[in-house]
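Novice: One structure, as structure tokens, below. Some questions next.
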Amino acid sequence: MQDIFDTHAHYCSGQFNPDRDTLLAALPQAGVVGVLECATHSGDAPGVLALAHRYPYFHAALGIHPESLGEADAPTVAVYGGDWRAELAALRPLFEDGAVIAVGEIGLDHHWPLPAREQYELFEAQLALAAELDLPVSIHDREAHAEVYELLRKYRPRGVLHCYSGSPEDAAWLVDQGLCLGFGGAATYKNAKRAQRVLAAIPHQAVVLETDCPYMSPEPVRGSRNDSRNIVHVAEKIGQLWEMDPQAVLTLTAANARRVFGLA
Ligand SMILES: [Zn+2]
């Protein structure tokens, strides 16, 4: 397989510490042509940039994930005393780096007990930053569809809703706004009927593939540490839904990824 473009990865995760460089050096031979490595706070952002400088097929997204408002070891909490404005100001100079092609991972999460107003304000500030810098976004929306869509309506960003979990009706609206929807391991799970209905209904040009690695390994390797090579399993699932060869799914979605992130 070739043309594997992973639009949402976290190779800075400690789960890759034992073999990160060996793995990343081997990915191109396995057909990986692009990775968007997403920061989650100011603590991992320098590592994201370092990977993007080291590996030509890597690109960087910088942002503060909503979970960083709640994790005791995240800089928002640990370094800036919970002051996300101070953290975002510290992150800001890193956007000058030429490897940065997106603002992410940003969004809203009502699955975990995170402060509702603060995460909304943080997400809004980062959408405003994306507009100011004219960059696309990679958005995390977990059990927060209504508020996420409210801010999308207001700021009209381009980019990707990663690990899309909404309805087919919402998907149609999001695609009308010019956004792409990201699909990964979750789309291969047996109970993923909704994601599969969405995939069957939306224009193929709006679909990009992702891992969210080290998490969310697809079937049949569910439960193991994920990496970009496993995207072939997602392409096989989508190929069944679209009655398309998995290689054609990879080539089409890689072109979509380059278009939405301005690499074409
Ligand atoms: Zn992520």
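If you're wondering about the labels, chains in the structure tokens are A, B, ... by order shown, residues count from 1 in each chain, ligands from 1 in order shown.
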If DSSP is run on the backbone, what residues of stretch 3-110 of chain A are alpha helix (DSSP H)? A reply as a list of chain:residue names would be ideal.
Specialist: A:Arg20, A:Asp21, A:Thr22, A:Leu23, A:Leu24, A:Ala25, A:Ala26, A:Ala45, A:Pro46, A:Gly47, A:Val48, A:Leu49, A:Ala50, A:Leu51, A:Ala52, A:His53, A:Arg54, A:Pro75, A:Thr76, A:Val77, A:Ala78, A:Trp84, A:Arg85, A:Ala86, A:Glu87, A:Leu88, A:Ala89, A:Ala90, A:Leu91
Novice: Output the selection as a short mmCIF file (atom, residue, chain, number, x, y, z; two decimals), in the first residue's frame - C-alpha atoms for each residue.
Specialist:
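That gives us out24.cif:
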data_model
loop_
_atom_site.label_atom_id
_atom_site.label_comp_id
_atom_site.auth_asym_id
_atom_site.auth_seq_id
_atom_site.Cartn_x
_atom_site.Cartn_y
_atom_site.Cartn_z
CA ARG A 20 10.15 6.22 18.23
CA ASP A 21 13.04 6.89 15.84
CA THR A 22 13.20 3.33 14.52
CA LEU A 23 9.46 3.33 13.90
CA LEU A 24 9.31 6.77 12.25
CA ALA A 25 12.27 6.02 9.99
CA ALA A 26 10.47 2.86 8.82
CA ALA A 45 4.84 21.43 21.28
CA PRO A 46 8.68 21.62 21.05
CA GLY A 47 8.80 17.83 20.58
CA VAL A 48 6.18 18.10 17.82
CA LEU A 49 8.36 20.68 16.03
CA ALA A 50 11.47 18.53 16.49
CA LEU A 51 9.76 15.56 14.79
CA ALA A 52 8.55 17.80 11.95
CA HIS A 53 12.11 19.04 11.40
CA ARG A 54 13.60 15.56 11.52
CA PRO A 75 1.60 22.89 31.54
CA THR A 76 -1.72 24.77 31.65
CA VAL A 77 -2.16 23.48 35.15
CA ALA A 78 1.35 22.65 36.31
CA TRP A 84 -4.54 29.00 29.71
CA ARG A 85 -4.15 32.60 28.46
CA ALA A 86 -0.58 32.64 29.78
CA GLU A 87 0.09 29.26 28.22
CA LEU A 88 -1.33 30.29 24.85
CA ALA A 89 0.84 33.43 24.94
CA ALA A 90 3.89 31.23 25.60
CA LEU A 91 2.93 28.94 22.71
#
Novice: Find the spatial neighbours of stretch 141-143 of chain A, counting only C-alpha atoms, within a cut-off of 9 Å - ignore same-chain residues fewer than 6 positions away - and output them as a CSV table (one decimal) with N, CA and C atoms, in the first residue's frame.
Specialist:
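part.csv written:
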chain,number,residue,atom,x,y,z
A,106,ILE,N,-7.3,21.2,19.2
A,106,ILE,CA,-8.2,22.1,19.9
A,106,ILE,C,-9.6,21.6,19.9
A,107,GLY,N,-10.4,22.1,20.9
A,107,GLY,CA,-11.8,21.6,20.9
A,107,GLY,C,-12.5,21.6,22.2
A,108,LEU,N,-13.5,20.8,22.3
A,108,LEU,CA,-14.3,20.7,23.5
A,108,LEU,C,-14.5,19.3,23.9
A,109,ASP,N,-14.5,19.0,25.2
A,109,ASP,CA,-14.7,17.6,25.7
A,109,ASP,C,-15.6,17.7,26.9
A,110,HIS,N,-16.8,17.1,26.8
A,110,HIS,CA,-17.7,17.0,27.9
A,110,HIS,C,-17.8,15.6,28.5
A,111,HIS,N,-16.9,14.7,28.0
A,111,HIS,CA,-16.8,13.4,28.5
A,111,HIS,C,-16.1,13.4,29.9
A,161,LEU,N,-12.6,17.9,11.4
A,161,LEU,CA,-13.2,17.4,12.7
A,161,LEU,C,-12.6,16.0,12.9
A,162,HIS,N,-11.7,15.9,13.8
A,162,HIS,CA,-11.0,14.6,13.9
A,162,HIS,C,-11.9,13.6,14.6
A,163,CYS,N,-11.7,12.3,14.3
A,163,CYS,CA,-12.5,11.2,14.9
A,163,CYS,C,-14.0,11.6,14.9
A,164,TYR,N,-14.6,11.9,13.7
A,164,TYR,CA,-15.9,12.4,13.7
A,164,TYR,C,-16.9,11.4,14.3
A,165,SER,N,-17.8,12.0,15.2
A,165,SER,CA,-18.7,11.1,15.9
A,165,SER,C,-20.1,11.6,15.9
A,166,GLY,N,-20.4,12.6,15.0
A,166,GLY,CA,-21.7,13.2,14.9
A,166,GLY,C,-22.7,12.4,14.0
Novice: When the cut-off is 7 Å and you count only C-alpha atoms and all ligand atoms, which residues lie near ligand 1, shown as a list in words?
Specialist: His8, Ala9, His10, Cys38, Glu105 and Asp212 of chain A
Novice: Between A:Ala125, A:Met1, A:Leu133, A:Ala206, which one has atoms that come closest to A:Ile101, using only C-alpha atoms?
Specialist: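 Once distances to A:Ile101 are computed over only C-alpha atoms, the minimum belongs to A:Leu133.
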Novice: Which one of A:Ala171, A:Leu114, A:Glu210, A:Phe95 sits closest to A:Ser138 if you count only C-alpha atoms?
Specialist: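 Comparing A:Ala171, A:Leu114, A:Glu210, A:Phe95 against A:Ser138, the winner is A:Glu210.
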Novice: Choose the residue, out of A:Leu252, A:Met244, A:Ala186, A:Ala192, that has the smallest atom-to-atom separation from A:Val207; count only C-alpha atoms.
Specialist: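 Answer, going by the shortest atom-to-atom distance: A:Leu252.
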Novice: Excluding stretch 176-178 of chain A and any residue of its chain fewer than 5 positions from it, enumerate the residues within 9 Å of it, using only C-alpha atoms, and give them as a list of chain:residue names.
Specialist: A:Leu152, A:Arg153, A:Arg156, A:Pro157, A:Arg158, A:Gly159, A:Ala171, A:Ala206, A:Val260
Novice: Can you tell me, as a PDB file with all heavy atoms, in the first residue's frame, what residues are no more than 6 Å from A:Val160 when counting only C-alpha atoms, ignoring any on the same chain fewer than 4 positions away?
Specialist:
ATOM      1  N   SER A 138      -7.391  21.360  13.542  1.00  0.00           N
ATOM      2  CA  SER A 138      -7.736  19.968  13.807  1.00  0.00           C
ATOM      3  C   SER A 138      -8.520  19.966  15.114  1.00  0.00           C
ATOM      4  O   SER A 138      -7.983  20.318  16.169  1.00  0.00           O
ATOM      5  CB  SER A 138      -6.469  19.113  13.926  1.00  0.00           C
ATOM      6  OG  SER A 138      -6.836  17.758  14.169  1.00  0.00           O
ATOM      7  N   LEU A 179     -15.610  21.925   5.654  1.00  0.00           N
ATOM      8  CA  LEU A 179     -14.748  21.145   6.550  1.00  0.00           C
ATOM      9  C   LEU A 179     -14.611  19.705   6.057  1.00  0.00           C
ATOM     10  O   LEU A 179     -15.484  19.196   5.355  1.00  0.00           O
ATOM     11  CB  LEU A 179     -15.338  21.156   7.964  1.00  0.00           C
ATOM     12  CG  LEU A 179     -15.258  22.523   8.648  1.00  0.00           C
ATOM     13  CD1 LEU A 179     -16.318  22.645   9.736  1.00  0.00           C
ATOM     14  CD2 LEU A 179     -13.857  22.756   9.225  1.00  0.00           C
ATOM     15  N   CYS A 180     -13.502  19.070   6.447  1.00  0.00           N
ATOM     16  CA  CYS A 180     -13.338  17.644   6.218  1.00  0.00           C
ATOM     17  C   CYS A 180     -13.595  16.897   7.529  1.00  0.00           C
ATOM     18  O   CYS A 180     -13.477  17.475   8.616  1.00  0.00           O
ATOM     19  CB  CYS A 180     -11.920  17.327   5.739  1.00  0.00           C
ATOM     20  SG  CYS A 180     -11.646  17.735   4.000  1.00  0.00           S
ATOM     21  N   LEU A 181     -13.929  15.618   7.418  1.00  0.00           N
ATOM     22  CA  LEU A 181     -14.187  14.790   8.593  1.00  0.00           C
ATOM     23  C   LEU A 181     -13.135  13.691   8.650  1.00  0.00           C
ATOM     24  O   LEU A 181     -12.854  13.032   7.635  1.00  0.00           O
ATOM     25  CB  LEU A 181     -15.591  14.176   8.523  1.00  0.00           C
ATOM     26  CG  LEU A 181     -16.729  15.185   8.278  1.00  0.00           C
ATOM     27  CD1 LEU A 181     -18.077  14.463   8.255  1.00  0.00           C
ATOM     28  CD2 LEU A 181     -16.741  16.285   9.342  1.00  0.00           C
TER      29      LEU A 181
END
Novice: List every residue of stretch 7-180 of chain A that DSSP, applied to the backbone of this structure, places in strand (DSSP E or B), and write the result as JSON, numbers by chain.
Specialist: {"A": [7, 8, 9, 32, 33, 34, 35, 36, 37, 38, 58, 59, 60, 61, 62, 100, 101, 102, 103, 104, 105, 106, 107, 108, 109, 137, 138, 139, 140, 141, 142, 159, 160, 161, 180]}
Novice: With N, CA and C atoms kept, could you save the residues just selected as a tab-separated table (two decimals), in the first residue's frame?
Specialist:
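Once written, selection_20.tsv looks like this:
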chain	number	residue	atom	x	y	z
A	7	THR	N	-3.75	12.13	9.30
A	7	THR	CA	-4.05	13.54	9.58
A	7	THR	C	-4.16	13.86	11.07
A	8	HIS	N	-3.87	12.89	11.94
A	8	HIS	CA	-3.96	13.20	13.38
A	8	HIS	C	-3.18	12.16	14.18
A	9	ALA	N	-1.99	12.55	14.64
A	9	ALA	CA	-1.13	11.60	15.36
A	9	ALA	C	-0.49	12.28	16.57
A	32	VAL	N	3.71	5.31	4.13
A	32	VAL	CA	3.23	6.54	4.78
A	32	VAL	C	3.88	7.75	4.09
A	33	VAL	N	3.04	8.64	3.57
A	33	VAL	CA	3.54	9.81	2.83
A	33	VAL	C	3.33	11.11	3.60
A	34	GLY	N	2.52	11.09	4.66
A	34	GLY	CA	2.28	12.31	5.43
A	34	GLY	C	1.75	12.00	6.81
A	35	VAL	N	2.19	12.80	7.79
A	35	VAL	CA	1.68	12.71	9.15
A	35	VAL	C	1.48	14.12	9.67
A	36	LEU	N	0.29	14.41	10.19
A	36	LEU	CA	0.10	15.65	10.94
A	36	LEU	C	0.20	15.31	12.42
A	37	GLU	N	1.31	15.73	13.00
A	37	GLU	CA	1.59	15.47	14.42
A	37	GLU	C	1.00	16.61	15.23
A	38	CYS	N	0.11	16.27	16.17
A	38	CYS	CA	-0.64	17.30	16.90
A	38	CYS	C	-0.13	17.45	18.33
A	58	PHE	N	6.67	14.65	7.94
A	58	PHE	CA	5.93	15.13	9.11
A	58	PHE	C	5.57	16.61	8.96
A	59	HIS	N	4.37	16.97	9.49
A	59	HIS	CA	3.95	18.36	9.59
A	59	HIS	C	3.43	18.57	11.01
A	60	ALA	N	3.47	19.83	11.46
A	60	ALA	CA	3.12	20.11	12.85
A	60	ALA	C	1.82	20.88	12.98
A	61	ALA	N	1.02	20.49	13.99
A	61	ALA	CA	-0.12	21.29	14.44
A	61	ALA	C	0.14	21.64	15.90
A	62	LEU	N	-0.06	22.90	16.25
A	62	LEU	CA	0.16	23.33	17.63
A	62	LEU	C	-1.15	23.83	18.23
A	100	VAL	N	4.84	24.43	10.95
A	100	VAL	CA	3.47	24.47	11.49
A	100	VAL	C	2.49	24.75	10.36
A	101	ILE	N	1.56	23.80	10.16
A	101	ILE	CA	0.57	23.98	9.09
A	101	ILE	C	-0.86	24.06	9.63
A	102	ALA	N	-1.04	23.92	10.95
A	102	ALA	CA	-2.40	23.92	11.49
A	102	ALA	C	-2.39	24.29	12.97
A	103	VAL	N	-3.58	24.67	13.46
A	103	VAL	CA	-3.80	24.88	14.88
A	103	VAL	C	-4.54	23.65	15.39
A	104	GLY	N	-3.92	22.93	16.33
A	104	GLY	CA	-4.54	21.72	16.85
A	104	GLY	C	-3.62	21.02	17.83
A	105	GLU	N	-4.08	20.24	18.67
A	105	GLU	CA	-5.44	19.78	18.74
A	105	GLU	C	-6.22	20.68	19.66
A	106	ILE	N	-7.33	21.20	19.17
A	106	ILE	CA	-8.16	22.12	19.95
A	106	ILE	C	-9.60	21.60	19.93
A	107	GLY	N	-10.41	22.05	20.89
A	107	GLY	CA	-11.81	21.63	20.86
A	107	GLY	C	-12.45	21.63	22.22
A	108	LEU	N	-13.52	20.82	22.31
A	108	LEU	CA	-14.31	20.74	23.54
A	108	LEU	C	-14.54	19.28	23.90
A	109	ASP	N	-14.55	19.01	25.21
A	109	ASP	CA	-14.69	17.65	25.71
A	109	ASP	C	-15.59	17.66	26.94
A	137	VAL	N	-7.54	24.01	11.03
A	137	VAL	CA	-7.60	23.51	12.40
A	137	VAL	C	-7.81	22.00	12.42
A	138	SER	N	-7.39	21.36	13.54
A	138	SER	CA	-7.74	19.97	13.81
A	138	SER	C	-8.52	19.97	15.11
A	139	ILE	N	-9.80	19.58	15.01
A	139	ILE	CA	-10.75	19.79	16.12
A	139	ILE	C	-11.14	18.50	16.82
A	140	HIS	N	-11.10	18.55	18.14
A	140	HIS	CA	-11.54	17.47	19.02
A	140	HIS	C	-12.95	17.84	19.51
A	141	ASP	N	-13.92	16.98	19.25
A	141	ASP	CA	-15.31	17.22	19.68
A	141	ASP	C	-15.82	15.95	20.33
A	142	ARG	N	-15.77	15.91	21.66
A	142	ARG	CA	-16.26	14.73	22.35
A	142	ARG	C	-17.46	15.11	23.20
A	159	GLY	N	-10.50	23.08	7.82
A	159	GLY	CA	-9.77	22.07	8.57
A	159	GLY	C	-10.58	20.80	8.73
A	160	VAL	N	-10.31	20.08	9.84
A	160	VAL	CA	-10.83	18.72	10.02
A	160	VAL	C	-11.47	18.57	11.40
A	161	LEU	N	-12.65	17.94	11.44
A	161	LEU	CA	-13.18	17.43	12.70
A	161	LEU	C	-12.63	16.03	12.86
A	180	CYS	N	-13.50	19.07	6.45
A	180	CYS	CA	-13.34	17.64	6.22
A	180	CYS	C	-13.60	16.90	7.53
